[in-house]
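Visitor: Starting off with a structure, shown below.
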Amino acid sequence: MKNFIKYTAVIATTLLFSASLYAHHSAAQFDFGNTVLVEGKVMEVRFANPHLRLILEVTDDARGTRDIEFEGHSRNNMRRQGLMPDMFIEGDTVTIRIAPMRNGEDGGYVTALRTPSGEEIGRVSGAD
Amino acid sequence: MPKTKSLIRFGAHIVILSVSLFGMLLSSIATAAERPDFTGAWTTYRGNPGAAGGPSRFMGAELKLTPQAEKARQDFISITEGTNHGAGNSCVGGGMPGSMLGSGGYPMEIIQRPEQVFVIYEAHTEIRRFYIGDEAENPDSFFPERNGYSTAHWEGDRLIVETTRLKTQVDSRYPHSNQASIREEYYIDEPLADGTRVLAADLIMTDSLWLEEPLVTTKRWQALPDYHVLTYECSEPVWLDEMEMLYEEAGLEMVQE
């Protein structure tokens, strides 16, 4: 665990420079120049490779309450960013930081996540 | 008298043979001592982001494709751009040279034995084996694969790896035909300022069908001492979705997680 944390910064920085989405698929639909925070109730989560799948129940004035599916970093990369098993479960409310869809539709690419107890995977808030 | 001469001649032969054997032994010990041990975990070099082989370099842009390759590449782009379709998304590894040059910036692990070197890229758990000496077989007796078949030999402190039996690939940042062959030369490079070990490999990919000129580049990694490369489970969710559908259709409860 000690070494895991020690080298997280090295690998995370490397990933920033190496287009970590790489050949999984095109990331053109996500606006990585934008940061949006979304809060919602966890309806389904699958920490998997090559990408996280997260469905949140989200409510806002514009579109009301609905389930939104998000994609995110691979389980391995999120593990290096601090993800631990059982950090949160379905029904919990979490805050995620996303790169929103370019076309304005619901969804986006999760770059960081904060659990109900305040633990963070990546940095949810802070300057880009 | 003739018997004494024979004995002297026999003794001389024994001495010459012993000296030769001792020399060969010393020579093999010296050669083995020159060989570095690449065993361990490595991640992409970030000592100097602007350096060749550093993380900020997009090497795919340097490929000079033949018209035939360009058409194949553009056809692939036209059906996949802006979609979720991609080899990685289908849990398929990059294949050579993508696995070695990129691998998404994920770490890799090397396990070195005298007769075989294993490289395990964390992303998609791609495994390459470099067969050395008698371990190496005729590549033509193997089916083509995305990472090909690799044989290797030592030249002093450098490991030379030759890879052939590659499949034609358009779904790579480094497209190539099945005529491609790749030569890699692995060596220990100058360490970082804090003493961290640096591994480098010069790569040349030639492809008479798809490349106007060989792809020539250098990749560097820095050591991650005592680090454990993770497993990369990728295809299980696809199977779980399939199971879920089957259980749902049968009206049964699925208990598997």
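All residue names refer to the structure tokens as shown: chains lettered A, B, ... in order, residues numbered from 1 in each chain, ligands numbered from 1 in order.
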Quick one: everything within 10 Å of A:Met101, counting only C-alpha atoms, minus sequence neighbours fewer than 2 positions away in the same chain. Send it as an MDAnalysis selection string.

Guide: chainID A and resid 27:32 34 98:99 103:109

Visitor: With a distance threshold of 7 Å and counting only C-alpha atoms, extract the residues of chain B near chain A and express them as a VMD selection string.

Guide: chain B and resid 43 to 44 46 55 to 56 81 to 89 104 to 105 226 to 227 230 232 to 234

Visitor: Just C-alpha atoms for this one: save the residues we selected as a PDB file, in the first residue's frame.

Guide:
ATOM      1  CA  THR B  43       6.488   3.212 -16.044  1.00  0.00           C
ATOM      2  CA  THR B  44       6.803   5.716 -18.837  1.00  0.00           C
ATOM      3  CA  ARG B  46       9.069  11.504 -17.350  1.00  0.00           C
ATOM      4  CA  PRO B  55       5.527  11.067 -22.461  1.00  0.00           C
ATOM      5  CA  SER B  56       4.608  14.149 -24.467  1.00  0.00           C
ATOM      6  CA  GLU B  81     -14.382   8.127 -35.336  1.00  0.00           C
ATOM      7  CA  GLY B  82     -16.665   9.681 -32.744  1.00  0.00           C
ATOM      8  CA  THR B  83     -18.052   6.286 -31.708  1.00  0.00           C
ATOM      9  CA  ASN B  84     -17.433   3.964 -28.787  1.00  0.00           C
ATOM     10  CA  HIS B  85     -15.957   1.372 -31.119  1.00  0.00           C
ATOM     11  CA  GLY B  86     -12.301   0.599 -30.507  1.00  0.00           C
ATOM     12  CA  ALA B  87     -10.029  -2.337 -29.805  1.00  0.00           C
ATOM     13  CA  GLY B  88      -9.427  -1.280 -26.213  1.00  0.00           C
ATOM     14  CA  ASN B  89     -13.113  -0.853 -25.534  1.00  0.00           C
ATOM     15  CA  GLY B 104      -1.900   4.008 -22.459  1.00  0.00           C
ATOM     16  CA  GLY B 105       0.808   5.072 -20.080  1.00  0.00           C
ATOM     17  CA  ASP B 226       8.884  -2.608  -5.176  1.00  0.00           C
ATOM     18  CA  TYR B 227       5.756  -1.635  -7.112  1.00  0.00           C
ATOM     19  CA  LEU B 230      -2.116  -4.613 -11.180  1.00  0.00           C
ATOM     20  CA  TYR B 232      -6.414  -5.835 -15.647  1.00  0.00           C
ATOM     21  CA  GLU B 233      -9.773  -7.570 -15.670  1.00  0.00           C
ATOM     22  CA  CYS B 234     -11.646  -6.304 -18.691  1.00  0.00           C
TER      23      CYS B 234
END

Visitor: Please identify all polymer residues within 12 Å of B:Leu199, counting only C-alpha atoms, omitting same-chain residues fewer than 4 positions from it, and present them as a ChimeraX atom specification.

Guide: /B:36-47,53-54,108-110,158-159,185-192,218-224

Visitor: Write out as a ChimeraX atom specification all residues of stretch 71-171 of chain B that DSSP puts in strand (DSSP E) for this structure's backbone.

Guide: /B:108-113,116-121,126-132,149-155,158-164

Visitor: So what do you get for atom CA of B:Arg73 versus atom CA of B:Thr151, distance-wise?

Guide: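 Atom CA of B:Arg73 sits 28.8 Å away from atom CA of B:Thr151.
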
Visitor: So how many Å separate atom CA of A:Asp67 and atom CA of A:Ile55, to one decimal?

Guide: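 Computing the Euclidean distance for atom CA of A:Asp67 and atom CA of A:Ile55 yields 6.3 Å.
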
Visitor: Nearest residue to A:Thr65 out of A:Glu39, A:Arg102, A:Thr111, A:Asp86, using only C-alpha atoms?

Guide: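 Using only C-alpha atoms, A:Thr65 sits closest to A:Glu39.
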
Visitor: Name the residues in contact with B:Val170 at a cut-off of 8 Å, using only C-alpha atoms, excluding same-chain residues fewer than 3 positions from it; report them as a ChimeraX atom specification.

Guide: /B:72-73,76,174-176
